[in-house]
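Colleague: I am attaching a structure below and will ask some questions about it afterwards.
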Amino acid sequence: MKQYFYLITIQYLGYRFHGWQKQPSVKTLHLMVDRTLNFILEGKPFKSLGSGRTDAMVSAECAAFELFLEEPIKDLDAFLELFNHNLPQDIRALTIKEVDKKFNIIKHSKIKEYIYLFTYGEKCHPFCAPIMTTILEDLDIDLMKQGAKLFEGKHFFKSYCFRATDNGIYNREILTCELVENTIYAANYFPKRTYILRVRGKGFMRNQIRLMMGTLIDLGKGNKSLEDIKNSLLPESTIKMDYIAPASGLILNNIEFD
């Protein structure tokens with residue numbers, strides 16, 4: 001039987017979800033997407049496959065999944081409109097396009113960009129909580145900017161993998177890692193200054209960016225040094241970084257497929 005393949009991009013606020021992957025007895029993004037697809041496809045056979053997992057409470061400006069159907073979609077714009085009409089209000093479909101059977105959303109070469117939104121020094125309005133992490137202690141932002149740049153390039157990232165084993169592939173490359181003032185998100189209840197860690201690369205390990213962010217927070221507090229970060233990235237480093245920054249500040253910002 002002939003199959004039809006579609007690439008769909010979506011954005012979502014992850015605060016009330018237990019991540020992307022379906023799990024027993026909890027509300028996940030994949031579960032809600034499939035429930036909506038099942039409804040609008042009126043029970044016709046389908047399969048959906050995400051480009052990767054996001055953890056509980058992590059949000060996305062642009063995530064993606066592949067949709068497999070046995071019948072073609074006749075009007076892509078109408079399908080997208082119907083999909084959005086039935087999705088919950090914290091999930092929105094952005095685009096849909098047909099792809100050929102050679103496209104594999106998991107194996108296809110892609111670059112992911114994550115951002116981590118945070119502030120420090122004062123208790124924030126509760127409405128900030130879904131997308132921003134607040135560090136109550138003072139932070140040395142200039143030192144953290146220097147630390148972020150140390151992650152750029154090819155390094156041994158085992159220290160930044162949650163529950164790392166001896167069998168993982170830890171030699172990886174980060175294309176961009178920079179800490180800058182936030183100019184993307186604004187609200188009248190935001191504090192005056194907020195910041196973003198921006199990270200781009202072809203693939204990330206479990207909790208890698210949150211461990212990197214946690215290390216930079218420790219650096220900003222004076223609990224770690226630039227030398228500590230340099231040593232943690234050396235080949236076969238056995239240093240363990242254990243501060244995982246909160247999930248709600250992490251946002252999958254973009255996916256670029258080659």
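As shown in the structure tokens, the chain order sets the letters A, B, ...; within each chain, residues go from 1, and ligands are also counted from 1 in the order they appear.
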Residues of region 4-245 of chain A classed as strand (DSSP E or B) by DSSP on the backbone are to be reported as a ChimeraX atom specification.
Modeller: /A:4-12,46-50,59-69,91-99,110-120,133-135,153-156,171-181,195-201
Colleague: Point out the residue among A:Ile115, A:Leu29, A:Leu7, A:Leu234 with the least atom-to-atom distance to Phe65 (chain A), counting only C-alpha atoms.
Modeller: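 Selected residue with least distance to Phe65 (chain A): A:Leu7.
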Colleague: Would you kindly return, as JSON, numbers by chain, each protein, DNA or RNA residue with an atom no farther than 12 Å from any atom of Gly249 (chain A), considering only C-alpha atoms and excluding same-chain residues fewer than 3 positions away?
Modeller: {"A": [13, 14, 15, 55, 56, 57, 58, 59, 60, 114, 115, 116, 117, 118, 119, 128, 129, 130, 131, 132, 133, 134, 135, 194, 195, 196, 197, 198, 209, 210, 213, 214, 244, 245, 246, 252, 253]}
Colleague: From the set A:Arg206, A:His85, A:Arg35, A:Lys158, which residue has the shortest atom-to-atom contact distance to Ser232 (chain A), counting only C-alpha atoms?
Modeller: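 Checking each candidate against Ser232 (chain A), we get A:Lys158 as the closest.
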Colleague: Which of these, A:Arg16, A:Lys2, A:Lys230, A:Lys123, has the shortest distance to Glu71 (chain A) once you count only C-alpha atoms?
Modeller: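 Of all the options, A:Lys2 lies closest to Glu71 (chain A).
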Colleague: Restricting the calculation to only C-alpha atoms, which member of A:Glu81, A:Glu178, A:Glu66, A:Glu122 is positioned closest to Asp142 (chain A)?
Modeller: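 Of all the options, A:Glu178 lies closest to Asp142 (chain A).
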Colleague: For each of A:Val199, A:Met205, A:Leu143, A:Leu76, take the minimum atom-to-atom distance to Ile169 (chain A), counting only C-alpha atoms, then give the residue where this is smallest.
Modeller: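 Distance minimum relative to Ile169 (chain A) lands on A:Met205.
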Colleague: Can you list every residue in region 18-96 of chain A that DSSP puts in helix (DSSP H, G or I), as a ChimeraX atom specification?
Modeller: /A:29-40,76-86
Colleague: Of the candidates A:Ala63, A:Leu69, A:Ala78, A:Ile91, which shows the shortest atom-to-atom distance to Thr36 (chain A), using only C-alpha atoms?
Modeller: A:Ile91
Colleague: Quote the spacing between CA of Ser48 (chain A) and CA of Asp77 (chain A) in Å to one decimal place.
Modeller: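 According to the coordinates, CA of Ser48 (chain A) and CA of Asp77 (chain A) are separated by 18.8 Å.
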Colleague: Excluding region 148-151 of chain A and residues on its chain fewer than 3 positions from it, collect all residues at most 12 Å away from it, counting only C-alpha atoms, and give them as a ChimeraX atom specification.
Modeller: /A:141-145,154-157,159-160,172-180,196-201,208-209,211-217,219-220,225-234
